Amino acid sequence: MSSTSLLLPLACWMDVPSASGARVTATAVSEDGRTVVAGFTNGHLWIYDFSGGPSASLNSNNATKLSPKVYLVGHRAAVAVIKLARVEIDSPALTENVVISASSDGEVVMWDIADGRCLQVNSTSFTGNPTSLHITSSGRYILLSGQSNKMCALDVATLETAYETTLYDWISSLSLHPSETKGMDQILALTLDGKLWITYFDEENFMLPMVDNYHLRTSKVVVSIPLSFGTPKNIISQTPGFLVVINRYDRRIAMVVHRLGCMIVGHYQPTVTVLGTIASPQPQSWSGAHFLTARTILLWTQSGSSYIYYLGRPKDMLLNNVLDVPAGDIVLFSDGVRAYHVERMSSKVGEMTIWSYWASVFGTQLGQSVGCYHSLIATEQTSASPDERKLLIDFNFTGIWGVTKKHRVDMTAATLVMEKYLAIGLSNGDIRIVLLSAPFFFGPEELDSRTVLHLRGHVGAVTALYSPLEHFDELLDEEKILLLSGSTDCSTKIWNLVTGELLASFISHTESITGFMPVPSDISFGHKVRHRVMSLAKDHSIALIDIEDLQVIYRFSGHSSAIVGIHWRKKDENFVVSCADSSIFVWQMRTGHLDRVVSGQLAHDILADADVNLTVREYGLDYHAVNIKQTMTAFPVHSAVTAPPPLLITLVNVKRLIGDIYSGQHILSPATSPRSSLSLQPFTDMVKTMAKRARSATTGDIVTPKDRSRMSTVNELPLTSSSPAQPSKIAPFAPENNEAAAGKSNVKDGIPDSTVVQSIYSALMSWGVDEEVDRVCEERLGLAKPGMHVAYCIRGAGGYLSILAPAADLSRKTWTISPTLTASRLLKILALSRAVLSMTGLEEEASTIITHYGAMLPNHIGPAMKMPSFAYLAKYWQDPMVDIQQASRSMFSSALLKMPLQDKNTVLEYWKPHLPTVARNLGTPIAKTHMRAAVILGIIASEQPTLFESRLLRDLAQSLELVIREDTRNTYRLAAMELIGRAFSTLEPHMNSQQIIRMMVGMTGLWGQQTPSAQPSASGQNTPTSQSTANTTPGALLGIANISQSVMLMARNVVVQIAIANPSLFVTTECFDLMHAKTPGERLGSLKLLGMFIAKRPLLAYPHIAKLMDAMVKSLDPNQASMREALQQTVTINFAEIVRTFPNISFHGPSQRMAVGTPEGVGIIYDLRTATRVQVLEGHSRPITALSFSPDGKLLASFSLEENCVHFYQPTVGFLGSLVGAFNQVRVSSTSGPGSQSTSGAATQGPFGSQMKSFRTFNVGPPEVAMSLSSILEKVAFEWISDRGVRLRSVKGVELVFNV
């Protein structure tokens, strides 16, 4: 919601990711066979699309196709286990929709199978190397086991550990299957020493009850069974099993797979029987197994051979042509010409639900060719020699990669310089400076020709680059801009980018440099040095460099293992280095000497007392340490420590970029394409100009008044602003012409450059979808189509990345991948379009782009397009940046409008159980998912209420109120408040409306803005107030925490919306509260709200003006002196606005009388000194339109437009009138019970005000009907021309003068 960041990672593929030589360590295939997931030794994963299939010829090159789809970067260790599962995430899970991976360091990550987005991360879920990962039958828990004596149950929704138990041995394999009992799953586990045990997981009680210790007897039986394929009796104990698989069609049967044999085990309680064994074809060994059907298994070897076996009698199998298979038989296997089949089996042994190997893997119909040869045997055979067949398909990653590598020099390091240039370190030791926009349009082999500065000096590959300007802004100098580089040659070099000169070179390490880190400015090493940088190396050493004097101050070496953290203890002047082996090295900051080496509890105590802590990331994990608060940053993604990184990521903070655009930091002029703008202007001139401009820049933002409104939030209170200047517009790469338009002096916050922004905007566009839009982008906006090596990314949980693989049709294909990917890309396109194009004066082109992507895109992509995710858009519904908020709302409305009714109902049915009220009734703690459900359904209800049934509206209304009370961080509170206002008419019958109004009024902050203690009395003294009122915040009175200014402003807007939706309810509630509130602050808040309502919505207030006046007059009760004193000023302001606005209200100052004409035709005169009704005027039978005192107060004229009749009265004034008012006040006090309330029917209040009839009546024409209220308020009025003469102005230009 309001605090959600909006990051845009854009990837440039620099190399084939398999070049690092990473090996596959885990794989998984979806049930439909269309998705393949592979994990590698480097911790990365690939999601592949598998297409082609049985209808194609086996000899055709197009028979099958494995295409890389998404690259997943996150794990730090080798991927050990992969599982595909159905988990409900923002929509019903009809098929496998997530990838759950576990790495060898115990980390578990959940990824979206469609777009690769990282959903959840638990880095400490398991204490060993996982070997098995399974989802329970209920889908609520993940069971994790492996090389540890622990088994963990993780919550699927959060990946948090819900249960952990201790086992007697490590687990090499585990298989899970539902049992007959709900909430209980059967487990077959194979221990590392070859034992098999059986148990059940009870997820309700988190128990693992053993079956009579049956696993011990089972293990003995398995070990002692002689194998029938001629191997030694103790083969299992010598080569323990590595895989156990339960037959999902008949859980009484399982396979225990060993390298040399596969054992078929029957679990028939209370015994376990070995039904048969299948030897591996020598000299090969089995690698894996899978049950294709209830009686058909697939086994494959490490060399790629595969075999299919039938578990039954050989005479049961029949071999015929495909067309001759009886309709009632079940096909075991078919090659498209012939088929092995059996008669339909008895239900006692399990029905076959998947008919062939191809159907089990690819979900296609029987009778098609299969990409795998077969051999079939029966279990009764004691010896079998099936024919060995190699798989016909062998995929090489380089062969299926979409980008061909042409260059011979690899990128090995990269960093941004001044947010406009990119420094690239190469494998040959060179450093090339290119424009940041260059990699978007030129492939790796073309970047050499785009170099603006070439640095040579290292003799080994460059492994680290660092620009001090990233942290030390004050170092910016037009004569010297520094760049630090480290290499495998163990040297650190400092360059001046202005001149290209090598300023210094140090060899402070014995192995390659792995990175640089700045020293915090408030840390002292005994030297008065402001700017220090640490270099870190592979030999676990640290060098402290003074980048002002260009010298190494200290070198810290001898650390026992990899450095994981750097800490400072100021009071002891210690520099502490923590290592991966849990030891710490304590160094003296003043002398640089090692003080001591500590481990254990003392080490923890020292670190706990540190003042400054820095985390040291492993080499190649730059994406974990990236500063997302910067507008832009660039970093490589490594696939191996020893290999060049295949990816260069440019990470853009979209919100900061939009802010920079509006503040003038990025001056835009799209006359020239960013590709053609990549001129080779001398780098020295460019840098000097930029540095000079930044050094002389002012510290204030440059924002136009109209653009400031676009930057501000609808949730912020009004801000004061100076009169900024209009930012100038310059052509790309002509910074010398723009010195007057410099933004902030803070360089890291952005250097004005249109080419960078245009390049990012170009990379976001979907080229080739609409020719007209492409033409507008190229000719009018100066954009250019990026290279095919540029791909869109998503940064998910934990900062983990999912990068789309390059493809020729990726621009169109992106919209067909997932709703979240569609929403993410569209939101950034539309938000940037509003900012970029509005600042360039291209409003017409902006309209074309916004219309194309906001409304017309589905027509161009077709039915395969994934509509934007409601869950994603809901996060930005209340975003404080207007461009993003508007883009999110327009996309939500457009998607909802185009969605079929069936899909809308599906959305409602999915989110309904997640509402906070439903969760609370079930005893479930309210989480973000529940609050998001309330917001999503609230948005839909505000736009299409007819979709909702009464019960769902009731739950929604209660849920929105619950979100307002529970969300202390205001993330979803603001949206819930707005939605109650927007959908009030729909939700009102299903909630306590008066309670909602009071809650909103209490959150406006008006209670505490003008406390009684701040109101001067008539004598000039402050009125005292009670301590409880003065020290209690509105939030505390309401039981709602953290009421911010944005919440206060939103509450005021909601109150206005409610007042518009139901004015009568609002007026009744506020008038009651005004007269019965216990504290001046509460009454003051009600008075202010009523005053705002009257001033802003006079037409809505008009029918209720009598009730409003009665409540405000009575709030001035003189018997409550302190209350009257506190409210008098606000009431006076309200009265002045009322008299000015409504002709049926008149005030006579000398007598302090207020006359009110009511819709019932009754006039009421109030004495403001006694706060009572003193007279009731009779005579009219229709609403009184105008009413006015004569200047001396002795006459009162009234006019009813519907009667077209004028009455004159002689109201009581002076001492007699006051006496009548006091008398009526006493009668009101003595006869009014607790909670009594006056009504607008003043004619019925005779006992509390003297009744008076008119002494003169004039009929001035036929009654007027069907006149607009606005015309009446504007045109009808009395104007006294003397104490006895009055002019009446009426509608249709009529003017009448009366002399009495």
# chains A, B, ... in the order shown; residues from 1 in each chain; ligands from 1

$ select_by_dssp --residues "segment 65-239 of chain A" --states "helix (DSSP H, G or I)" --output "PyMOL selection string"
chain A and resi 214-224+235-238

$ residues_around --residues "segment 92-98 of chain A" --least-positions-apart "2" --cutoff "10 Å" --atoms "only C-alpha atoms" --output "PyMOL selection string"
chain A and resi 30-32+35+83-90+100-101+110-119+906-907+909-911

$ closest_residue --among "A:Ser104, A:Thr161, A:Ser1122, A:Thr615" --to "Asn122 of chain A" --atoms "only C-alpha atoms"
A:Thr161

$ residues_around --residues "Gly425 of chain A" --least-positions-apart "2" --cutoff "7 Å" --atoms "only C-alpha atoms" --output "mmCIF file with N, CA and C atoms, in the first residue's frame"
data_model
loop_
_atom_site.group_PDB
_atom_site.id
_atom_site.type_symbol
_atom_site.label_atom_id
_atom_site.label_comp_id
_atom_site.auth_asym_id
_atom_site.auth_seq_id
_atom_site.Cartn_x
_atom_site.Cartn_y
_atom_site.Cartn_z
ATOM 1 N N MET A 411 32.693 -9.635 -19.420
ATOM 2 C CA MET A 411 32.484 -8.711 -18.317
ATOM 3 C C MET A 411 32.668 -9.479 -17.011
ATOM 4 N N THR A 412 33.410 -8.906 -16.070
ATOM 5 C CA THR A 412 33.632 -9.563 -14.785
ATOM 6 C C THR A 412 33.198 -8.709 -13.599
ATOM 7 N N ALA A 413 32.964 -7.413 -13.794
ATOM 8 C CA ALA A 413 32.527 -6.532 -12.710
ATOM 9 C C ALA A 413 31.879 -5.306 -13.332
ATOM 10 N N ALA A 414 31.040 -4.617 -12.549
ATOM 11 C CA ALA A 414 30.368 -3.419 -13.052
ATOM 12 C C ALA A 414 29.898 -2.575 -11.888
ATOM 13 N N ALA A 423 30.755 1.672 -15.351
ATOM 14 C CA ALA A 423 32.133 1.183 -15.416
ATOM 15 C C ALA A 423 32.081 -0.335 -15.480
ATOM 16 N N GLY A 429 41.530 -7.544 -17.751
ATOM 17 C CA GLY A 429 42.081 -6.532 -16.862
ATOM 18 C C GLY A 429 41.741 -5.106 -17.233
ATOM 19 N N ASP A 430 41.108 -4.889 -18.382
ATOM 20 C CA ASP A 430 40.749 -3.535 -18.799
ATOM 21 C C ASP A 430 39.459 -3.087 -18.109
ATOM 22 N N ILE A 431 39.261 -1.772 -18.099
ATOM 23 C CA ILE A 431 38.028 -1.173 -17.587
ATOM 24 C C ILE A 431 37.500 -0.233 -18.657
ATOM 25 N N ARG A 432 36.252 -0.405 -19.004
ATOM 26 C CA ARG A 432 35.638 0.446 -20.022
ATOM 27 C C ARG A 432 34.505 1.243 -19.378
ATOM 28 N N VAL A 462 39.341 -8.050 -13.771
ATOM 29 C CA VAL A 462 38.823 -7.089 -12.794
ATOM 30 C C VAL A 462 37.688 -7.759 -12.024
#

$ closest_residue --among "A:Ala895, A:Met1048, A:Ile980, A:Leu901" --to "Val1001 of chain A" --atoms "only C-alpha atoms"
A:Met1048

$ residues_around --residues "segment 166-178 of chain A" --least-positions-apart "3" --cutoff "10 Å" --atoms "only C-alpha atoms" --output "JSON, numbers by chain"
{"A": [128, 129, 130, 131, 132, 133, 134, 135, 136, 137, 138, 143, 144, 145, 146, 147, 148, 149, 150, 151, 152, 181, 182, 183, 184, 185, 186, 187, 188, 189, 190, 191, 192, 193, 194, 195, 196, 197, 198, 199, 200, 201, 208, 240, 241, 242, 243, 244, 245, 246, 247, 248, 249, 250, 251, 254, 255, 256, 257]}

$ atom_distance --atom1 "atom CA of Glu548 of chain A" --atom2 "atom CA of Arg532 of chain A"
8.1 Å

$ closest_residue --among "A:Asp611, A:Glu107, A:Asp605, A:Asp546" --to "Lys570 of chain A" --atoms "only C-alpha atoms"
A:Asp611

$ residues_around --residues "Ser639 of chain A" --least-positions-apart "6" --cutoff "8 Å" --atoms "only C-alpha atoms" --output "ChimeraX atom specification"
/A:17,20,22,42,44,620,645-646

$ atom_distance --atom1 "atom CA of Arg295 of chain A" --atom2 "atom CA of Ala28 of chain A"
22.3 Å

$ select_by_dssp --residues "segment 552-620 of chain A" --states "strand (DSSP E or B)" --output "VMD selection string"
chain A and resid 552 to 556 563 to 569 574 to 579 584 to 588 594 to 598 612 to 615

$ closest_residue --among "A:Leu937, A:Ala1197, A:Val773, A:Val564" --to "Glu845 of chain A" --atoms "only C-alpha atoms"
A:Val773

$ closest_residue --among "A:Leu804, A:Val533, A:Val1156, A:Ala543" --to "Lys69 of chain A" --atoms "only C-alpha atoms"
A:Leu804

$ residues_around --residues "Leu1087 of chain A" --least-positions-apart "3" --cutoff "9 Å" --atoms "only C-alpha atoms" --output "number ranges by chain"
A: 1070-1071, 1074, 1082-1084, 1090-1092, 1112, 1127, 1130-1131, 1134

$ residues_around --residues "Arg1289 of chain A" --least-positions-apart "2" --cutoff "12 Å" --atoms "only C-alpha atoms" --output "NGL selection string"
:A and (1143 or 1185-1187 or 1199 or 1201 or 1204 or 1206 or 1260 or 1271-1280 or 1286-1287 or 1291-1298)

$ write_last_selection --atoms "N, CA and C atoms" --output "mmCIF file, in the first residue's frame"
data_model
loop_
_atom_site.group_PDB
_atom_site.id
_atom_site.type_symbol
_atom_site.label_atom_id
_atom_site.label_comp_id
_atom_site.auth_asym_id
_atom_site.auth_seq_id
_atom_site.Cartn_x
_atom_site.Cartn_y
_atom_site.Cartn_z
ATOM 1 N N PRO A 1143 -30.846 31.963 2.951
ATOM 2 C CA PRO A 1143 -31.755 33.109 3.141
ATOM 3 C C PRO A 1143 -32.801 32.863 4.225
ATOM 4 N N THR A 1185 -38.796 30.066 2.800
ATOM 5 C CA THR A 1185 -37.675 30.237 1.875
ATOM 6 C C THR A 1185 -36.727 31.325 2.344
ATOM 7 N N ALA A 1186 -37.283 32.411 2.872
ATOM 8 C CA ALA A 1186 -36.442 33.522 3.318
ATOM 9 C C ALA A 1186 -37.023 34.094 4.594
ATOM 10 N N LEU A 1187 -36.119 34.647 5.398
ATOM 11 C CA LEU A 1187 -36.527 35.193 6.691
ATOM 12 C C LEU A 1187 -35.502 36.227 7.092
ATOM 13 N N PHE A 1199 -40.897 34.572 4.058
ATOM 14 C CA PHE A 1199 -41.418 34.347 2.701
ATOM 15 C C PHE A 1199 -41.337 32.868 2.365
ATOM 16 N N LEU A 1201 -41.726 30.486 -0.892
ATOM 17 C CA LEU A 1201 -41.814 30.507 -2.353
ATOM 18 C C LEU A 1201 -42.911 29.581 -2.840
ATOM 19 N N ASN A 1204 -45.862 31.533 -2.173
ATOM 20 C CA ASN A 1204 -45.745 32.895 -2.691
ATOM 21 C C ASN A 1204 -46.446 33.874 -1.756
ATOM 22 N N VAL A 1206 -45.954 36.305 1.933
ATOM 23 C CA VAL A 1206 -45.061 36.994 2.853
ATOM 24 C C VAL A 1206 -45.805 37.274 4.155
ATOM 25 N N VAL A 1260 -48.382 37.268 -2.975
ATOM 26 C CA VAL A 1260 -47.688 38.005 -4.041
ATOM 27 C C VAL A 1260 -47.774 37.295 -5.389
ATOM 28 N N SER A 1271 -30.921 27.816 -7.259
ATOM 29 C CA SER A 1271 -31.484 29.105 -7.680
ATOM 30 C C SER A 1271 -32.118 29.824 -6.506
ATOM 31 N N ILE A 1272 -32.784 29.078 -5.636
ATOM 32 C CA ILE A 1272 -33.420 29.693 -4.473
ATOM 33 C C ILE A 1272 -32.380 30.314 -3.569
ATOM 34 N N LEU A 1273 -31.302 29.543 -3.275
ATOM 35 C CA LEU A 1273 -30.275 30.067 -2.390
ATOM 36 C C LEU A 1273 -29.568 31.273 -2.988
ATOM 37 N N GLU A 1274 -29.489 31.292 -4.288
ATOM 38 C CA GLU A 1274 -28.751 32.365 -4.951
ATOM 39 C C GLU A 1274 -29.590 33.631 -5.144
ATOM 40 N N LYS A 1275 -30.907 33.485 -5.397
ATOM 41 C CA LYS A 1275 -31.708 34.632 -5.847
ATOM 42 C C LYS A 1275 -32.672 35.166 -4.798
ATOM 43 N N VAL A 1276 -33.164 34.294 -3.902
ATOM 44 C CA VAL A 1276 -34.191 34.744 -2.961
ATOM 45 C C VAL A 1276 -33.531 35.370 -1.739
ATOM 46 N N ALA A 1277 -34.011 36.601 -1.362
ATOM 47 C CA ALA A 1277 -33.465 37.281 -0.186
ATOM 48 C C ALA A 1277 -34.306 38.500 0.152
ATOM 49 N N PHE A 1278 -34.294 38.872 1.436
ATOM 50 C CA PHE A 1278 -34.880 40.137 1.899
ATOM 51 C C PHE A 1278 -33.770 41.173 2.010
ATOM 52 N N GLU A 1279 -34.120 42.414 1.700
ATOM 53 C CA GLU A 1279 -33.199 43.537 1.881
ATOM 54 C C GLU A 1279 -33.968 44.698 2.498
ATOM 55 N N TRP A 1280 -33.653 45.033 3.748
ATOM 56 C CA TRP A 1280 -34.358 46.119 4.444
ATOM 57 C C TRP A 1280 -33.823 47.461 3.966
ATOM 58 N N VAL A 1286 -39.034 46.932 3.362
ATOM 59 C CA VAL A 1286 -38.175 45.816 2.990
ATOM 60 C C VAL A 1286 -38.420 45.444 1.526
ATOM 61 N N ARG A 1287 -37.339 45.081 0.842
ATOM 62 C CA ARG A 1287 -37.436 44.638 -0.547
ATOM 63 C C ARG A 1287 -37.225 43.127 -0.592
ATOM 64 N N VAL A 1291 -37.326 34.638 -7.368
ATOM 65 C CA VAL A 1291 -36.866 34.009 -8.605
ATOM 66 C C VAL A 1291 -37.476 34.705 -9.807
ATOM 67 N N LYS A 1292 -36.942 34.430 -10.955
ATOM 68 C CA LYS A 1292 -37.409 34.986 -12.227
ATOM 69 C C LYS A 1292 -37.307 36.504 -12.256
ATOM 70 N N GLY A 1293 -36.390 37.047 -11.461
ATOM 71 C CA GLY A 1293 -36.152 38.487 -11.477
ATOM 72 C C GLY A 1293 -37.214 39.318 -10.785
ATOM 73 N N VAL A 1294 -38.106 38.735 -10.029
ATOM 74 C CA VAL A 1294 -39.174 39.472 -9.361
ATOM 75 C C VAL A 1294 -38.620 40.220 -8.156
ATOM 76 N N GLU A 1295 -39.002 41.509 -8.006
ATOM 77 C CA GLU A 1295 -38.633 42.312 -6.848
ATOM 78 C C GLU A 1295 -39.889 43.005 -6.335
ATOM 79 N N LEU A 1296 -40.154 42.892 -5.038
ATOM 80 C CA LEU A 1296 -41.315 43.511 -4.407
ATOM 81 C C LEU A 1296 -40.859 44.285 -3.187
ATOM 82 N N VAL A 1297 -41.492 45.464 -2.955
ATOM 83 C CA VAL A 1297 -41.172 46.306 -1.815
ATOM 84 C C VAL A 1297 -42.400 46.389 -0.908
ATOM 85 N N PHE A 1298 -42.166 46.166 0.394
ATOM 86 C CA PHE A 1298 -43.247 46.206 1.376
ATOM 87 C C PHE A 1298 -42.932 47.277 2.414
#

$ closest_residue --among "A:Ser179, A:Leu8, A:Leu781, A:Trp286" --to "Met263 of chain A" --atoms "only C-alpha atoms"
A:Trp286
